[in-house]
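Here the structure comes first, spelled out in structure tokens, and everything after it is commentary.
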Amino acid sequence: MHGKDIRMERIMDRKSGKMIIVPLDHGVSQGPITGLIDLCGTVDAVAEGGATAVLGHVGLALHGHRRSGEDIGLILHLSASTSLGPDPNNKVIVNTVTQALKMGADAVSVHVNIGADSEASMLADLGRISIECMEWGMPLLAMMYPRGRKISEENGCEYVKLAARVASELGADIVKTVYTGDPDSFREVTEGCSVPVVVAGGSKMNDLEMLKVIEGSMIGGAAGISIGRNVFQHKNPRAFLHAARAVLMEKRTAQEALEIVRGS
């Protein structure tokens, strides 16, 4: 077992191999939104709920990670943009693999918008960073989203398949992308990608809708979830994550898992 394998174990459930990642990187793009004002408290809540890793920028490592409570994996995000920029789809690199290692990260992540005007520069960043991650034994999660003028449907299967495959071809160890709407089409995504795929949470949904996305993506071959606002802005993040774990690890239905949230 080499360094990358050891670090991969820190961001997943060892028994099942599934990943429950909670992104907390929204503070850079949107500021101190609800759920992210107290980073330490949020990290404690999602760790107690059963998340396997949190994901954020340097500030998460400096001010919010592993201060108390349950241990949880740390993924440092290397990409950034703000909602006030001229093109929020243009992500720039704001951290390095070696600095993330120095800060104790278990993995790093980059964001690529396939189809965006700035796609070329983001792909160049992904390729360069994947080589650095190979050199240092650092797992790389690639957030791959179909976005741009040529994209007619951001969760269209053909676009999502391409986005996921690009990441695996360029050296990512994990791909995060959007759910295509049903298990059969999402299986086309996971079967066409040679590395594990985790499904993004996207915009706010009600509990049953989100649990159905999790259930459908698992049937479609996903290796886990990477859900932010639907977790950290939930009135009871711990309970929702318990329900998500029931779907992921115990193969409970979304309707069955909903009762876990309602009973908490």
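So you can find residues: chains in the structure tokens are A, B, ... in the order shown, residues in each start at 1, and ligands are numbered from 1 in order.
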Taking only residues of range 226-245 of chain A that have an atom at most 9 Å from an atom of range 11-21 of chain A, what is each one's shortest atom pair and its distance in Å to one decimal, using only C-alpha atoms, in chain and number order, as CSV?
```
residue,atom,partner,partner_atom,distance
A:Ser226,CA,A:Ile21,CA,4.5
A:Ile227,CA,A:Ile21,CA,6.5
A:Gly228,CA,A:Ile21,CA,8.2
A:Leu241,CA,A:Ile20,CA,8.5
A:Ala244,CA,A:Ile20,CA,8.5
A:Arg245,CA,A:Ile20,CA,8.0
```
Restricting the output to C-alpha atoms, write the selected residues as a compact mmCIF listing (two decimals), in the first residue's frame.
```txt
# COMPACT_ATOMS: atom_id res chain seq x y z
CA SER A 226 -20.67 15.07 -2.13
CA ILE A 227 -23.50 17.21 -0.78
CA GLY A 228 -23.09 20.70 0.68
CA LEU A 241 -26.57 12.29 7.27
CA ALA A 244 -28.05 9.29 3.83
CA ARG A 245 -25.82 6.62 5.37
```
Inset, instruction - Considering only C-alpha atoms, return as a list in words whatever protein or nucleic-acid residues lie within 8 Å of Thr177 in chain A, sequence-local ones (same chain, fewer than 3 positions apart) excluded. - result: Met143, Met144, Tyr145, Val160, Ala163, Ala164, Val197, Val198, Val199 and Ala200 of chain A
Inset, instruction - Find the residues around Ser79 in chain A up to 12 Å (only C-alpha atoms counted), leave out those fewer than 6 positions away in its own chain, and share them as a ChimeraX atom specification. - result: /A:25-26,28-29,55-58,88-97,108-113,121-123,125-126,129,141-143
Inset, instruction - Write out as a list in words each polymer residue whose atoms come within 9 Å of Ala243 in chain A, counting only C-alpha atoms; drop sequence neighbours fewer than 2 positions from it. - result: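 Once the adjacent positions are removed, what remains is Leu211, Arg238, Ala239, Phe240, Leu241, Arg245, Ala246, Val247, Leu248, Arg252, Ala254, Glu256, Ala257, Leu258, Glu259, Ile260 and Val261 of chain A.
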Inset, instruction - Quote the spacing between CA of Ala172 in chain A and CA of Met138 in chain A in Å to one decimal place. - result: 10.4 Å
Inset, instruction - Write down as a PyMOL selection string the residues of range 25-111 of chain A whose backbone DSSP state falls under alpha helix (DSSP H). - result: chain A and resi 26-30+39-49+58-63+97-102
Legend entry - Pick from A:Pro237, A:Gly156, A:Gly69, A:Gly50, whichever lies nearest to Gly181 in chain A using only C-alpha atoms: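 The shortest atom-to-atom distance to Gly181 in chain A comes from A:Gly156.
Closest approach to Pro23 in chain A among A:Arg7, A:His234, A:Arg229, A:Lys161: A:Arg229, based on only C-alpha atoms.
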